[in-house]
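Data first, discussion second: the structure below is written as structure tokens.
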Amino acid sequence: MTMQDGLFYFFAALTLICGALIILNRNPVNSAMFLVLAIASMAGLFVLLNAFFLAAVQVLVYAGAVMVLFLFVIMLLDLKEEDRRKFNLFGIITGVVSVASIAYISFSAIHSGQGDLPQTPNGDAGTTILLGQRLFTDYLLPFEILSVLLLVAMVGVVLLSKRELK
Amino acid sequence: MNISLEQYLMVSGALFSLGLLGVIMRRNLLVIYMCLELMLNAANLALVAMSRYNANLDGQIMVFFIITVAAAEVAVGLALIVALYRKRQTAHVEDLASLKS
């Protein structure tokens with residue numbers, strides 16, 4: 001087993017464990033902290049896939065900006081631990097059954113294509129230079145639309161949180 | 001032994017299922033939102049793995065767009081949650097069931 005394989009198993013296990021802990025924790029602050037850890041380990045997986053720029057963006061945008069926003073709102077709302085209420089047995093059963101069936105469908109779909117899926121990585125796609133060239137030639141229009149979207153979102157958020165809603 | 005694409009897709013599928021389970025089981029609006037982010041990240045992982053194994057950069061560009069849109073979506077969604085909390089003083093989904101008679 002090479003070091004890359006070991007790193008893959010380490011990061012994959014860390015991501016999945018943190019994902020499970022997000023759900024299991026009753027305190028929203030702890031959930032947010034485990035989400036930070038899950039996102040950081042997913043950036044590790046991106047590095048293993050040679051997507052260095054995306055790994056950096058993942059850490060900057062998700063672990064930096066988005067999680068700060070989450071923690072800020074948690075503190076603003078002063079959320080306590082989720083109080084235990086009586087369980088809705090029907091809801092839990094239907095939820096678990098639907099999630100299990102969706103997981104089964106996706107896993108069997110991945111497994112049935114085993115022979116067709118490439119076993120080894122191809123080429124050296126993923127360098128930041130190539131990504132930037134594609135982004136500013138073939139994908140220039142979506143890129144500009146995205147900047148307008150960010151502006152619209154910003155104006156909307158300011159309006160939403162400023163005015164008293166009637 | 002190399003890691004195959006199948007293993008990355010398995011991790012992505014498991015993560016997506018975990019996120020969906022969280023969305024269905026949890027009762028706190030903010031935690032539901034975090035689980036949504038987890039599902040988006042699982043899709044991102046699948047796209048990056050596909051782009052790496054097929055030597056095609058389009059998947060990575062898609063992920064770049066998804067991350068940006070997710071950031072905008074989080075900002076708007078959290079503003080909505082704050083507005084809702086100001087009006088109702090709760091972030092518990094079972095207290096927000098006024099459409100249910």
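Identifiers in this document derive from the order of the structure tokens: chains are assigned A, B, ..., residues are numbered from 1 separately in each chain, and ligands are numbered from 1 in order of occurrence.
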Close residues, segment 72-88 of chain B itself excluded, 10 Å, only C-alpha atoms, min 4 positions apart in chain, as a compact mmCIF listing (two decimals) with C-alpha atoms, in the first residue's frame:
# COMPACT_ATOMS: atom_id res chain seq x y z
CA ALA A 65 -16.58 32.18 4.86
CA VAL A 66 -19.56 29.82 5.02
CA MET A 67 -18.77 28.33 8.40
CA LEU A 69 -21.57 32.73 8.68
CA PHE A 70 -23.08 29.60 10.24
CA PHE A 72 -22.37 33.82 13.50
CA VAL A 73 -26.04 32.94 13.01
CA ILE A 74 -25.91 30.26 15.73
CA LEU A 76 -27.07 35.47 16.95
CA LEU A 77 -30.02 33.14 17.50
CA LEU A 146 -21.98 34.07 -11.46
CA LEU A 149 -25.56 36.29 -9.01
CA LEU A 150 -23.26 37.06 -6.08
CA LEU A 151 -24.16 40.75 -6.29
CA VAL A 152 -27.88 39.94 -6.38
CA ALA A 153 -27.51 37.60 -3.40
CA MET A 154 -25.64 40.27 -1.46
CA VAL A 155 -28.30 42.94 -2.11
CA GLY A 156 -31.05 40.47 -1.24
CA VAL A 157 -29.42 39.47 2.04
CA VAL A 158 -28.93 43.09 3.07
CA LEU A 159 -32.58 43.85 2.30
CA LEU A 160 -33.82 40.72 4.07
CA SER A 161 -31.92 41.27 7.28
CA LYS A 162 -32.29 45.03 7.46
CA ARG A 163 -35.96 45.74 7.11
CA GLU A 164 -38.60 44.68 9.57
CA LEU A 165 -40.64 42.05 7.77
CA LYS A 166 -44.34 42.74 7.85
CA LEU B 29 -33.26 24.43 10.84
CA LEU B 30 -29.55 25.29 11.00
CA TYR B 33 -28.93 23.49 6.42
CA MET B 34 -25.52 22.08 7.35
CA LEU B 36 -27.63 20.23 2.84
CA GLU B 37 -24.09 21.59 2.54
CA ILE B 66 -21.24 24.90 -7.44
CA ILE B 67 -19.06 26.21 -4.59
CA THR B 68 -19.79 29.82 -5.58
CA HIS B 92 -37.36 24.19 15.40
CA ASP B 95 -42.96 24.80 15.62
CA LEU B 96 -43.12 26.12 12.06
Test item: chain B residues at most 8 Å from chain A, counting only C-alpha atoms, as an NGL selection string: :B and (1-6 or 9-11 or 13-15 or 17-22 or 24-28 or 30-31 or 34-35 or 38 or 41 or 45 or 48-49 or 51-57 or 60-61 or 63-65 or 67-69 or 71-76 or 78-80 or 82-83 or 85 or 87)
